[in-house]
$ cat coords_30.csv   # CSV, C-alpha atoms and all ligand atoms
chain,number,residue,atom,x,y,z
D,279,MET,CA,-97.5,-11.3,18.2
D,280,SER,CA,-94.7,-9.2,17.0
D,281,PHE,CA,-91.8,-7.4,18.6
D,282,ASP,CA,-92.8,-3.9,19.3
D,283,LEU,CA,-89.3,-2.6,19.7
D,284,ALA,CA,-90.2,1.0,19.0
D,285,ALA,CA,-92.5,1.0,22.1
D,286,ARG,CA,-89.8,-0.6,24.3
D,287,LEU,CA,-87.3,2.0,23.2
D,288,ALA,CA,-89.7,4.8,23.7
D,289,ALA,CA,-90.5,3.6,27.2
D,290,ARG,CA,-86.8,3.4,28.0
D,291,ARG,CA,-86.3,7.0,26.8
D,292,ALA,CA,-89.2,8.2,28.9
D,293,GLU,CA,-87.7,6.7,32.0
D,294,HIS,CA,-84.3,8.5,31.4
D,295,LEU,CA,-82.7,5.1,31.1
D,296,TYR,CA,-81.8,5.2,27.4
D,297,ARG,CA,-78.2,4.2,26.7
D,298,GLN,CA,-75.9,5.7,24.2
D,299,ARG,CA,-72.4,4.8,23.3
D,300,PRO,CA,-69.9,7.7,23.4
D,301,LEU,CA,-67.6,7.4,20.4
D,302,LEU,CA,-63.9,7.4,21.6
D,303,ASP,CA,-61.5,8.8,19.0
D,304,SER,CA,-58.3,8.6,20.9
D,305,PRO,CA,-56.4,6.1,23.1
D,306,GLN,CA,-57.6,5.6,26.6
D,307,GLY,CA,-56.3,8.0,29.2
D,308,PRO,CA,-57.2,11.2,31.1
D,309,ASP,CA,-57.2,13.3,27.9
D,310,VAL,CA,-59.6,11.8,25.4
D,311,VAL,CA,-61.5,12.8,22.3
D,312,VAL,CA,-65.1,11.8,22.5
D,313,ASP,CA,-67.8,12.5,19.8
D,314,GLY,CA,-65.3,14.9,18.3
D,315,GLN,CA,-64.8,16.8,21.5
D,316,PRO,CA,-61.5,16.9,23.6
D,317,LEU,CA,-62.4,16.0,27.2
D,318,LEU,CA,-60.7,15.3,30.5
D,319,ALA,CA,-62.2,11.9,31.4
D,320,PHE,CA,-62.8,10.4,34.9
D,321,CYS,CA,-64.6,7.3,33.8
D,322,ASN,CA,-62.3,4.5,32.6
D,323,ASN,CA,-61.1,1.5,34.6
D,324,ASP,CA,-57.5,1.8,33.5
D,325,TYR,CA,-56.5,2.4,37.1
D,326,LEU,CA,-52.8,2.2,36.8
D,327,GLY,CA,-52.6,4.0,33.4
D,328,LEU,CA,-51.3,1.0,31.5
D,329,ALA,CA,-53.7,0.7,28.6
D,330,ASN,CA,-51.6,3.0,26.4
D,331,HIS,CA,-48.2,2.4,27.9
D,332,PRO,CA,-45.3,2.4,25.4
D,333,GLN,CA,-43.7,-0.8,26.8
D,334,VAL,CA,-47.0,-2.6,26.7
D,335,ILE,CA,-47.6,-1.5,23.2
D,336,GLU,CA,-44.1,-2.7,22.2
D,337,ALA,CA,-44.7,-6.1,23.8
D,338,TRP,CA,-47.9,-6.4,21.8
D,339,ARG,CA,-46.0,-5.5,18.6
D,340,ALA,CA,-43.2,-7.9,19.3
D,341,GLY,CA,-45.8,-10.6,20.2
D,342,ALA,CA,-47.6,-10.2,17.0
D,343,SER,CA,-44.4,-10.4,15.0
D,344,ARG,CA,-43.5,-13.6,16.7
D,345,TRP,CA,-46.9,-15.3,17.2
D,346,GLY,CA,-49.1,-13.7,14.6
D,347,VAL,CA,-52.5,-12.2,15.4
D,348,GLY,CA,-55.2,-14.7,15.8
D,349,GLY,CA,-55.5,-17.4,18.5
D,350,GLY,CA,-56.6,-19.7,15.7
D,351,ALA,CA,-58.4,-22.4,17.8
D,352,SER,CA,-59.8,-23.1,21.2
D,353,HIS,CA,-57.3,-23.9,24.0
D,354,LEU,CA,-58.1,-27.6,23.9
D,355,VAL,CA,-57.6,-28.0,20.2
D,356,VAL,CA,-54.4,-26.1,19.2
D,357,GLY,CA,-55.0,-22.5,20.4
D,358,HIS,CA,-53.1,-22.8,23.7
D,359,ALA,CA,-49.8,-21.0,22.8
D,360,THR,CA,-46.7,-20.5,24.9
D,361,PRO,CA,-47.5,-16.8,25.8
D,362,HIS,CA,-50.9,-17.9,27.2
D,363,HIS,CA,-49.1,-20.6,29.2
D,364,GLU,CA,-46.4,-18.1,30.5
D,365,LEU,CA,-49.1,-15.6,31.4
D,366,GLU,CA,-51.0,-18.3,33.4
D,367,GLU,CA,-47.8,-19.0,35.3
D,368,ALA,CA,-47.2,-15.4,36.0
D,369,LEU,CA,-50.8,-14.9,37.2
D,370,ALA,CA,-50.5,-17.9,39.5
D,371,ASP,CA,-47.4,-16.3,40.9
D,372,LEU,CA,-49.1,-13.0,41.4
D,373,THR,CA,-52.0,-14.6,43.3
D,374,GLY,CA,-49.8,-17.1,45.2
D,375,ARG,CA,-52.0,-19.9,43.9
D,376,PRO,CA,-50.7,-23.1,42.3
D,377,ARG,CA,-52.4,-22.5,39.0
D,378,ALA,CA,-54.3,-19.9,37.0
D,379,LEU,CA,-56.5,-20.4,33.9
D,380,LEU,CA,-56.8,-17.7,31.2
D,381,PHE,CA,-60.2,-16.7,29.9
D,382,THR,CA,-61.1,-14.4,27.0
D,383,THR,CA,-63.2,-12.0,29.1
D,384,GLY,CA,-64.2,-11.5,32.7
D,385,TYR,CA,-67.8,-12.2,31.8
D,386,MET,CA,-66.8,-15.6,30.5
D,387,ALA,CA,-64.5,-16.4,33.4
D,388,ASN,CA,-67.4,-15.8,35.7
D,389,LEU,CA,-69.9,-17.9,33.6
D,390,GLY,CA,-67.2,-20.6,33.3
D,391,ALA,CA,-66.2,-20.7,37.0
D,392,VAL,CA,-69.7,-20.9,38.4
D,393,THR,CA,-71.3,-23.2,35.8
D,394,GLY,CA,-68.1,-25.4,35.9
D,395,LEU,CA,-68.5,-25.9,39.7
D,396,VAL,CA,-72.2,-26.1,40.5
D,397,GLY,CA,-75.4,-27.3,38.8
D,398,GLN,CA,-78.8,-28.8,39.6
D,399,GLY,CA,-79.0,-29.8,43.3
D,400,ASP,CA,-76.3,-27.4,44.3
D,401,THR,CA,-76.6,-23.8,45.7
D,402,VAL,CA,-75.2,-20.4,44.7
D,403,LEU,CA,-75.4,-17.5,47.2
D,404,GLU,CA,-74.5,-14.1,45.9
D,405,ASP,CA,-74.2,-10.5,47.2
D,406,ARG,CA,-77.2,-8.6,45.9
D,407,LEU,CA,-74.9,-5.9,44.4
D,408,ASN,CA,-72.7,-8.4,42.5
D,409,HIS,CA,-71.7,-7.6,39.0
D,410,ALA,CA,-74.2,-8.7,36.3
D,411,SER,CA,-71.9,-11.4,35.0
D,412,LEU,CA,-71.9,-13.1,38.4
D,413,LEU,CA,-75.7,-12.9,38.7
D,414,ASP,CA,-76.1,-14.3,35.1
D,415,ALA,CA,-73.6,-17.1,35.9
D,416,GLY,CA,-75.7,-18.1,39.0
D,417,LEU,CA,-78.9,-18.3,37.0
D,418,LEU,CA,-77.2,-20.1,34.1
D,419,SER,CA,-75.7,-22.8,36.4
D,420,GLY,CA,-79.2,-24.3,37.2
D,421,ALA,CA,-78.2,-24.4,40.9
D,422,ARG,CA,-80.6,-23.0,43.6
D,423,PHE,CA,-79.9,-19.3,43.4
D,424,ASN,CA,-80.3,-16.8,46.3
D,425,ARG,CA,-79.0,-13.3,47.1
D,426,TYR,CA,-77.9,-12.1,50.5
D,427,LEU,CA,-77.9,-8.5,51.8
D,428,HIS,CA,-75.0,-6.4,50.6
D,429,ASN,CA,-71.8,-7.3,52.3
D,430,ASP,CA,-73.7,-8.9,55.2
D,431,ALA,CA,-72.1,-12.0,56.7
D,432,ASP,CA,-75.1,-12.7,59.0
D,433,SER,CA,-77.5,-12.6,56.1
D,434,LEU,CA,-75.2,-15.0,54.2
D,435,ALA,CA,-75.0,-17.3,57.3
D,436,LYS,CA,-78.8,-17.5,57.4
D,437,ARG,CA,-79.0,-18.6,53.7
D,438,LEU,CA,-76.1,-21.0,54.2
D,439,GLU,CA,-78.2,-22.8,56.8
D,440,LYS,CA,-80.7,-23.8,54.1
D,441,ALA,CA,-78.2,-24.5,51.4
D,442,THR,CA,-78.1,-27.9,49.8
D,443,GLY,CA,-75.5,-29.7,47.7
D,444,ASN,CA,-72.2,-28.1,46.8
D,445,THR,CA,-72.5,-24.5,47.8
D,446,LEU,CA,-70.7,-21.6,46.2
D,447,VAL,CA,-70.7,-18.2,47.8
D,448,VAL,CA,-69.9,-15.5,45.2
D,449,THR,CA,-68.9,-11.9,45.8
D,450,ASP,CA,-67.3,-8.9,44.0
D,451,GLY,CA,-64.0,-8.0,45.8
D,452,VAL,CA,-64.4,-4.3,45.2
D,453,PHE,CA,-68.0,-3.5,44.3
D,454,SER,CA,-67.9,-2.1,40.8
D,455,MET,CA,-70.5,0.7,41.1
D,456,ASP,CA,-69.9,1.6,44.8
D,457,GLY,CA,-66.2,1.2,45.3
D,458,ASP,CA,-66.5,-0.5,48.7
D,459,LEU,CA,-64.7,-3.6,49.7
D,460,ALA,CA,-66.3,-7.0,50.4
D,461,ASP,CA,-65.8,-7.9,54.1
D,462,LEU,CA,-63.9,-11.0,53.0
D,463,PRO,CA,-62.6,-12.1,56.4
D,464,ALA,CA,-66.2,-12.3,57.7
D,465,LEU,CA,-67.6,-13.8,54.5
D,466,ALA,CA,-64.8,-16.4,54.4
D,467,ARG,CA,-65.5,-17.4,58.0
D,468,ALA,CA,-69.2,-17.9,57.5
D,469,THR,CA,-68.6,-19.8,54.3
D,470,LYS,CA,-65.9,-22.1,55.7
D,471,ALA,CA,-68.0,-22.9,58.8
D,472,LYS,CA,-70.6,-24.5,56.5
D,473,GLY,CA,-68.1,-26.3,54.3
D,474,ALA,CA,-69.0,-24.1,51.3
D,475,TRP,CA,-66.6,-22.4,48.9
D,476,LEU,CA,-66.0,-18.7,48.5
D,477,MET,CA,-65.5,-17.2,45.0
D,478,VAL,CA,-64.3,-13.7,44.7
D,479,ASP,CA,-64.3,-11.6,41.5
D,480,ASP,CA,-61.7,-9.0,42.1
D,481,ALA,CA,-61.9,-7.2,38.8
D,482,HIS,CA,-61.3,-3.8,40.4
D,483,GLY,CA,-59.0,-4.9,43.2
D,484,PHE,CA,-56.0,-6.3,41.2
D,485,GLY,CA,-53.6,-3.5,40.6
D,486,PRO,CA,-54.8,-0.8,43.0
D,487,LEU,CA,-55.1,-3.0,46.2
D,488,GLY,CA,-52.4,-5.0,48.0
D,489,ALA,CA,-48.7,-4.2,48.5
D,490,HIS,CA,-47.9,-5.7,45.1
D,491,GLY,CA,-51.2,-5.2,43.3
D,492,GLY,CA,-52.4,-8.6,44.3
D,493,GLY,CA,-55.9,-7.2,45.1
D,494,ILE,CA,-58.3,-7.7,47.9
D,495,VAL,CA,-56.9,-11.1,48.9
D,496,GLU,CA,-53.4,-9.6,49.4
D,497,HIS,CA,-55.0,-6.6,51.1
D,498,PHE,CA,-56.6,-8.8,53.8
D,499,GLY,CA,-53.8,-11.5,53.8
D,500,LEU,CA,-56.2,-14.3,53.0
D,501,SER,CA,-55.2,-17.8,51.9
D,502,GLN,CA,-56.5,-20.2,49.3
D,503,GLU,CA,-58.5,-22.0,52.0
D,504,ASP,CA,-60.3,-18.7,52.7
D,505,VAL,CA,-60.9,-18.0,49.0
D,506,PRO,CA,-60.6,-21.2,46.9
D,507,VAL,CA,-61.8,-19.5,43.7
D,508,LEU,CA,-60.2,-16.2,42.8
D,509,VAL,CA,-61.2,-14.3,39.6
D,510,GLY,CA,-59.4,-11.3,38.1
D,511,THR,CA,-59.9,-9.4,34.9
D,512,LEU,CA,-57.3,-8.0,32.7
D,513,GLY,CA,-59.2,-5.2,31.0
D,514,LYS,CA,-59.1,-2.9,34.1
D,515,ALA,CA,-55.8,-2.2,35.9
D,516,PHE,CA,-53.9,-4.5,33.7
D,517,GLY,CA,-54.8,-2.3,30.8
D,518,THR,CA,-55.3,-5.1,28.3
D,519,ALA,CA,-58.1,-7.7,28.0
D,520,GLY,CA,-59.1,-11.1,29.2
D,521,ALA,CA,-59.5,-12.6,32.6
D,522,PHE,CA,-58.3,-15.5,34.8
D,523,VAL,CA,-59.4,-17.9,37.5
D,524,ALA,CA,-56.7,-18.8,40.1
D,525,GLY,CA,-56.8,-21.7,42.5
D,526,SER,CA,-55.8,-25.3,43.2
D,527,ASP,CA,-54.6,-27.7,40.5
D,528,ALA,CA,-57.9,-29.7,41.0
D,529,LEU,CA,-59.9,-26.5,40.4
D,530,ILE,CA,-58.1,-25.5,37.2
D,531,GLU,CA,-58.2,-29.1,35.8
D,532,SER,CA,-62.0,-29.2,36.6
D,533,LEU,CA,-62.6,-25.9,34.7
D,534,ILE,CA,-60.6,-27.2,31.8
D,535,GLN,CA,-62.9,-30.3,31.7
D,536,PHE,CA,-66.3,-28.7,32.6
D,537,ALA,CA,-66.4,-25.0,32.0
D,538,ARG,CA,-68.1,-24.6,28.7
D,539,PRO,CA,-67.3,-20.8,28.3
D,540,TYR,CA,-63.6,-21.9,28.5
D,541,ILE,CA,-63.9,-24.9,26.2
D,542,TYR,CA,-66.0,-23.6,23.4
D,543,THR,CA,-64.3,-20.4,22.4
D,544,THR,CA,-61.2,-19.4,20.5
D,545,SER,CA,-58.2,-18.5,22.7
D,546,GLN,CA,-57.3,-14.8,22.9
D,547,PRO,CA,-54.6,-13.6,20.5
D,548,PRO,CA,-51.2,-14.7,21.9
D,549,ALA,CA,-49.8,-11.2,21.3
D,550,LEU,CA,-52.3,-10.0,23.8
D,551,ALA,CA,-50.9,-12.3,26.4
D,552,CYS,CA,-47.4,-10.9,25.5
D,553,ALA,CA,-48.8,-7.4,26.2
D,554,THR,CA,-50.4,-8.5,29.5
D,555,LEU,CA,-47.1,-10.2,30.6
D,556,LYS,CA,-45.5,-6.7,30.3
D,557,SER,CA,-48.3,-4.9,32.1
D,558,LEU,CA,-48.3,-7.5,34.8
D,559,GLU,CA,-44.6,-6.8,35.4
D,560,LEU,CA,-45.3,-3.0,35.6
D,561,LEU,CA,-48.3,-3.6,37.9
D,562,ARG,CA,-46.2,-5.6,40.3
D,563,THR,CA,-43.0,-3.5,40.3
D,564,GLU,CA,-44.0,0.2,39.7
D,565,HIS,CA,-45.3,1.0,43.2
D,566,TRP,CA,-45.3,4.7,42.4
D,567,ARG,CA,-48.5,4.1,40.4
D,568,ARG,CA,-50.4,2.8,43.4
D,569,GLU,CA,-48.9,5.5,45.7
D,570,HIS,CA,-49.8,8.3,43.3
D,571,LEU,CA,-53.3,6.9,42.8
D,572,ASN,CA,-53.9,6.7,46.5
D,573,ALA,CA,-52.7,10.4,46.9
D,574,LEU,CA,-55.3,11.4,44.3
D,575,ILE,CA,-58.0,9.4,46.0
D,576,ARG,CA,-57.3,11.2,49.3
D,577,GLN,CA,-57.2,14.6,47.5
D,578,PHE,CA,-60.5,13.9,45.8
D,579,ARG,CA,-62.3,12.8,48.9
D,580,GLN,CA,-61.1,15.7,50.9
D,581,GLY,CA,-62.1,18.2,48.2
D,582,ALA,CA,-65.5,16.5,47.7
D,583,GLU,CA,-66.2,16.5,51.4
D,584,GLN,CA,-65.5,20.3,51.6
D,585,ILE,CA,-68.1,20.8,48.8
D,586,GLY,CA,-70.5,18.6,50.6
D,587,LEU,CA,-70.9,15.9,48.0
D,588,ALA,CA,-72.5,12.6,49.0
D,589,LEU,CA,-69.5,10.3,48.7
D,590,MET,CA,-69.7,6.5,49.3
D,591,ASP,CA,-67.7,4.4,51.7
D,592,SER,CA,-64.8,3.8,49.4
D,593,PHE,CA,-61.1,4.2,49.5
D,594,THR,CA,-60.6,2.6,46.0
D,595,PRO,CA,-60.3,4.5,42.7
D,596,ILE,CA,-64.1,4.1,42.3
D,597,GLN,CA,-65.5,7.3,43.9
D,598,PRO,CA,-69.2,7.5,43.1
D,599,ILE,CA,-71.2,10.6,44.0
D,600,LEU,CA,-74.7,9.6,44.9
D,601,ILE,CA,-77.4,11.6,43.2
D,602,GLY,CA,-80.6,9.5,43.4
D,603,ASP,CA,-82.7,10.7,40.5
D,604,SER,CA,-81.7,9.4,37.0
D,605,ALA,CA,-82.6,12.6,35.2
D,606,LYS,CA,-80.6,14.7,37.6
D,607,ALA,CA,-77.6,12.5,37.3
D,608,MET,CA,-77.8,12.8,33.5
D,609,ARG,CA,-78.1,16.5,33.8
D,610,LEU,CA,-75.0,16.8,36.0
D,611,SER,CA,-73.1,14.6,33.6
D,612,GLN,CA,-74.1,16.8,30.7
D,613,MET,CA,-73.2,20.0,32.6
D,614,LEU,CA,-69.7,18.6,33.4
D,615,ARG,CA,-69.3,17.7,29.7
D,616,GLU,CA,-70.2,21.3,28.7
D,617,ARG,CA,-67.2,22.2,30.9
D,618,GLY,CA,-64.9,19.8,29.1
D,619,LEU,CA,-65.1,16.9,31.7
D,620,MET,CA,-66.4,13.4,31.2
D,621,VAL,CA,-68.0,11.6,34.2
D,622,THR,CA,-70.5,8.9,33.5
D,623,ALA,CA,-73.9,8.9,35.1
D,624,ILE,CA,-74.8,5.3,36.2
D,625,ARG,CA,-78.5,4.5,36.3
D,626,PRO,CA,-80.8,1.6,37.0
D,627,PRO,CA,-80.8,-1.3,36.3
D,628,THR,CA,-77.0,-1.1,36.6
D,629,VAL,CA,-77.6,0.2,40.1
D,630,PRO,CA,-80.7,-0.2,42.4
D,631,ALA,CA,-83.7,2.1,41.6
D,632,GLY,CA,-83.4,5.6,43.1
D,633,SER,CA,-79.6,5.4,43.4
D,634,ALA,CA,-78.4,6.9,40.2
D,635,ARG,CA,-74.9,8.3,40.6
D,636,LEU,CA,-71.9,10.0,39.0
D,637,ARG,CA,-69.3,7.3,38.9
D,638,VAL,CA,-65.9,9.1,39.2
D,639,THR,CA,-62.9,6.9,38.6
D,640,LEU,CA,-59.4,8.0,39.3
D,641,THR,CA,-56.2,6.6,37.7
D,642,ALA,CA,-52.5,6.8,38.1
D,643,ALA,CA,-52.4,8.7,34.8
D,644,HIS,CA,-54.3,11.7,36.3
D,645,SER,CA,-52.4,14.6,37.8
D,646,GLU,CA,-53.3,16.5,41.0
D,647,ALA,CA,-54.1,19.5,38.8
D,648,GLN,CA,-56.6,17.5,36.9
D,649,VAL,CA,-58.3,16.3,40.0
D,650,GLN,CA,-58.5,19.9,41.2
D,651,LEU,CA,-60.2,20.8,37.8
D,652,LEU,CA,-62.7,18.1,38.5
D,653,LEU,CA,-63.4,19.4,42.0
D,654,ASN,CA,-63.9,22.9,40.7
D,655,ALA,CA,-66.3,21.9,38.0
D,656,LEU,CA,-68.3,19.7,40.4
D,657,GLU,CA,-68.6,22.6,42.9
D,658,GLU,CA,-69.9,24.9,40.1
D,659,CYS,CA,-72.3,22.3,38.7
D,660,PHE,CA,-73.8,21.3,42.0
D,661,ARG,CA,-74.2,24.9,43.0
D,662,LEU,CA,-76.0,25.7,39.8
D,663,LEU,CA,-78.3,22.7,40.2
D,664,GLY,CA,-79.1,23.4,43.8
D,665,ALA,CA,-78.9,20.9,46.7
D,666,THR,CA,-75.9,18.6,47.2
D,667,GLU,CA,-78.1,16.1,49.0
D,668,PRO,CA,-79.1,13.0,47.1
D,669,ASP,CA,-82.9,12.8,46.4
D,670,HIS,CA,-83.6,9.5,48.1
D,671,ALA,CA,-80.5,7.9,49.4
J,701,LIG,C1,-65.7,-5.6,34.3
J,701,LIG,C2,-66.2,-6.6,35.2
J,701,LIG,C3,-66.3,-7.9,34.7
J,701,LIG,C4,-66.3,-8.3,33.3
J,701,LIG,O1,-65.0,-8.3,32.8
J,701,LIG,P1,-64.7,-8.2,31.3
J,701,LIG,O2,-63.3,-8.7,31.1
J,701,LIG,O3,-64.9,-6.7,31.0
J,701,LIG,O4,-65.7,-9.0,30.6
J,701,LIG,C5,-66.6,-8.9,35.7
J,701,LIG,N1,-66.8,-8.6,37.0
J,701,LIG,C6,-66.6,-7.4,37.4
J,701,LIG,C7,-66.8,-7.1,38.9
J,701,LIG,C8,-66.3,-6.3,36.6
J,701,LIG,O5,-66.2,-5.1,37.0

$ encode --input "coords_30.csv" --output "structure tokens"
Amino acid sequence: MSFDLAARLAARRAEHLYRQRPLLDSPQGPDVVVDGQPLLAFCNNDYLGLANHPQVIEAWRAGASRWGVGGGASHLVVGHATPHHELEEALADLTGRPRALLFTTGYMANLGAVTGLVGQGDTVLEDRLNHASLLDAGLLSGARFNRYLHNDADSLAKRLEKATGNTLVVTDGVFSMDGDLADLPALARATKAKGAWLMVDDAHGFGPLGAHGGGIVEHFGLSQEDVPVLVGTLGKAFGTAGAFVAGSDALIESLIQFARPYIYTTSQPPALACATLKSLELLRTEHWRREHLNALIRQFRQGAEQIGLALMDSFTPIQPILIGDSAKAMRLSQMLRERGLMVTAIRPPTVPAGSARLRVTLTAAHSEAQVQLLLNALEECFRLLGATEPDHA
């Protein structure tokens, strides 16, 4: 036996699923340079335009001068520095939870939270469209693992009937490839009725959603009883990097004891926590960012409907246009790029088979004029390519 990697790669190419990494040669923002070409981009998750904010950069610089660059050790050894601790307190305050625990990435926060809470003999129930890190976490935990129909509290309730042991129900808050919201009030009711726990990964909700950027839980006005395990990531609207789990004192202490992806890794650079403390302040106080973003979302949806594009049920900054066929999605993305616009085509296995899409993301750093440019280009490309209907929606 040998690894026939060349054949695997060729098959991937033949299915129009081959991945390539665009080379970014500028800071993140609407105006980027990619593969040497200046482009107007609608594909990052920097929803509030904080990834390249002068005050956040200054906080990073000042943090590095004071605390150095490397975390130096894991949190349990000697890597838990004052800026990490202050950031945890600020995140607890943002979420209205007693405590928050800082992780190095969202992927690790999800692995840590799920594997720290359930194991053999327990049950994990997940939305079938959950982010890959949540699905991986469920499998890694060793608990019985089952997926319910997308955003369907009845489908969840049926699976809860058969659940054994400690049962964790896990969902994205805002679904990352569709932009729709989890029906958290219904999911929380079904979960609580069975004495199970609900864990929400609100990577895309913190910042854009909620009156103060507190995400989907603030949007729906839910309590810690409704959502005992709340995950946020810092690489999206916060514009920096890392992630957190917020919840009760007992939850956080348990994760410090048992979450291996928390324990066995070096803490993030303390200067990064300094930068995030600043971006958190901007996220909470500069309401104009959310208001401008919401105006752009309305503008985009109105314009896209006029053109007849297949939008999804989303009022978040994630505004996918359903295409269906992967090759066609790639072709449209390429045509937009030839017109100076960057919109990523998302294909299986990231999304279900036959549901390739253009994933448009809007940010507070975009202008109305830029959104209009996007709409004009979409109109032209869809007209040149024929039908606006998705192939098999
Ligand atoms: C991006 C994302 C993650 C992973 O977070 P990172 O900090 O980038 O590792 C987890 N969950 C969801 C829903 C995401 O969109």

$ closest_residue --input "coords_30.csv" --among "D:Cys659, D:Ala410, D:Ile575, D:Ile624" --to "ligand LIG 701 (chain J)" --atoms "all atoms listed in the file"
D:Ala410

$ residues_near_ligand --input "coords_30.csv" --ligand "ligand LIG 701 (chain J)" --cutoff "10 Å" --atoms "all atoms listed in the file" --output "PyMOL selection string"
chain D and resi 323+381-389+407-412+449-455+478-483+509-514+518-522

$ residues_around --input "coords_30.csv" --residues "stretch 586-603 of chain D" --least-positions-apart "3" --cutoff "8 Å" --atoms "only C-alpha atoms" --output "PDB file with C-alpha atoms, in the frame of the given file"
ATOM      1  CA  TYR D 325     -56.500   2.400  37.100  1.00  0.00           C
ATOM      2  CA  VAL D 452     -64.400  -4.300  45.200  1.00  0.00           C
ATOM      3  CA  SER D 454     -67.900  -2.100  40.800  1.00  0.00           C
ATOM      4  CA  MET D 455     -70.500   0.700  41.100  1.00  0.00           C
ATOM      5  CA  ASP D 456     -69.900   1.600  44.800  1.00  0.00           C
ATOM      6  CA  GLY D 457     -66.200   1.200  45.300  1.00  0.00           C
ATOM      7  CA  ASP D 458     -66.500  -0.500  48.700  1.00  0.00           C
ATOM      8  CA  LEU D 459     -64.700  -3.600  49.700  1.00  0.00           C
ATOM      9  CA  PRO D 486     -54.800  -0.800  43.000  1.00  0.00           C
ATOM     10  CA  LEU D 487     -55.100  -3.000  46.200  1.00  0.00           C
ATOM     11  CA  LEU D 571     -53.300   6.900  42.800  1.00  0.00           C
ATOM     12  CA  ASN D 572     -53.900   6.700  46.500  1.00  0.00           C
ATOM     13  CA  ILE D 575     -58.000   9.400  46.000  1.00  0.00           C
ATOM     14  CA  ARG D 576     -57.300  11.200  49.300  1.00  0.00           C
ATOM     15  CA  ARG D 579     -62.300  12.800  48.900  1.00  0.00           C
ATOM     16  CA  ALA D 582     -65.500  16.500  47.700  1.00  0.00           C
ATOM     17  CA  GLU D 583     -66.200  16.500  51.400  1.00  0.00           C
ATOM     18  CA  LYS D 606     -80.600  14.700  37.600  1.00  0.00           C
ATOM     19  CA  ALA D 607     -77.600  12.500  37.300  1.00  0.00           C
ATOM     20  CA  GLY D 632     -83.400   5.600  43.100  1.00  0.00           C
ATOM     21  CA  SER D 633     -79.600   5.400  43.400  1.00  0.00           C
ATOM     22  CA  ALA D 634     -78.400   6.900  40.200  1.00  0.00           C
ATOM     23  CA  ARG D 635     -74.900   8.300  40.600  1.00  0.00           C
ATOM     24  CA  LEU D 636     -71.900  10.000  39.000  1.00  0.00           C
ATOM     25  CA  ARG D 637     -69.300   7.300  38.900  1.00  0.00           C
ATOM     26  CA  VAL D 638     -65.900   9.100  39.200  1.00  0.00           C
ATOM     27  CA  THR D 639     -62.900   6.900  38.600  1.00  0.00           C
ATOM     28  CA  LEU D 640     -59.400   8.000  39.300  1.00  0.00           C
ATOM     29  CA  THR D 641     -56.200   6.600  37.700  1.00  0.00           C
ATOM     30  CA  THR D 666     -75.900  18.600  47.200  1.00  0.00           C
ATOM     31  CA  GLU D 667     -78.100  16.100  49.000  1.00  0.00           C
ATOM     32  CA  PRO D 668     -79.100  13.000  47.100  1.00  0.00           C
ATOM     33  CA  ASP D 669     -82.900  12.800  46.400  1.00  0.00           C
ATOM     34  CA  HIS D 670     -83.600   9.500  48.100  1.00  0.00           C
ATOM     35  CA  ALA D 671     -80.500   7.900  49.400  1.00  0.00           C
TER      36      ALA D 671
END

$ residues_near_point --input "coords_30.csv" --point "(-48.2, -3.0, 28.2)" --cutoff "7 Å" --atoms "all atoms listed in the file" --output "list in words"
Leu328, Ala329, His331, Pro332, Gln333, Val334, Ile335, Ala337, Ala553, Thr554, Lys556 and Ser557 of chain D

$ closest_residue --input "coords_30.csv" --among "D:Ala435, D:Met613, D:Asp405, D:Ala647" --to "D:Phe423" --atoms "all atoms listed in the file"
D:Asp405

$ closest_residue --input "coords_30.csv" --among "D:Leu427, D:Leu555, D:Val396, D:Ala623" --to "D:Glu336" --atoms "only C-alpha atoms"
D:Leu555

$ residues_around --input "coords_30.csv" --residues "stretch 441-447 of chain D" --least-positions-apart "2" --cutoff "9 Å" --atoms "only C-alpha atoms" --output "compact mmCIF listing (two decimals) with C-alpha atoms, in the frame of the given file"
# COMPACT_ATOMS: atom_id res chain seq x y z
CA VAL D 392 -69.70 -20.90 38.40
CA LEU D 395 -68.50 -25.90 39.70
CA VAL D 396 -72.20 -26.10 40.50
CA GLY D 397 -75.40 -27.30 38.80
CA GLN D 398 -78.80 -28.80 39.60
CA GLY D 399 -79.00 -29.80 43.30
CA ASP D 400 -76.30 -27.40 44.30
CA THR D 401 -76.60 -23.80 45.70
CA VAL D 402 -75.20 -20.40 44.70
CA LEU D 403 -75.40 -17.50 47.20
CA GLU D 404 -74.50 -14.10 45.90
CA ASP D 405 -74.20 -10.50 47.20
CA ALA D 421 -78.20 -24.40 40.90
CA ARG D 422 -80.60 -23.00 43.60
CA LEU D 434 -75.20 -15.00 54.20
CA ARG D 437 -79.00 -18.60 53.70
CA LEU D 438 -76.10 -21.00 54.20
CA GLU D 439 -78.20 -22.80 56.80
CA THR D 449 -68.90 -11.90 45.80
CA LEU D 465 -67.60 -13.80 54.50
CA THR D 469 -68.60 -19.80 54.30
CA LYS D 472 -70.60 -24.50 56.50
CA GLY D 473 -68.10 -26.30 54.30
CA ALA D 474 -69.00 -24.10 51.30
CA TRP D 475 -66.60 -22.40 48.90
CA LEU D 476 -66.00 -18.70 48.50
CA MET D 477 -65.50 -17.20 45.00
CA VAL D 478 -64.30 -13.70 44.70

$ closest_residue --input "coords_30.csv" --among "D:His565, D:His353, D:His362, D:Arg297" --to "D:Pro548" --atoms "all atoms listed in the file"
D:His362

$ atom_distance --input "coords_30.csv" --atom1 "atom CA of D:Thr543" --atom2 "atom CA of D:Asp324"
25.7 Å

$ atom_distance --input "coords_30.csv" --atom1 "atom CA of D:Lys440" --atom2 "atom CA of D:Ala464"
18.9 Å
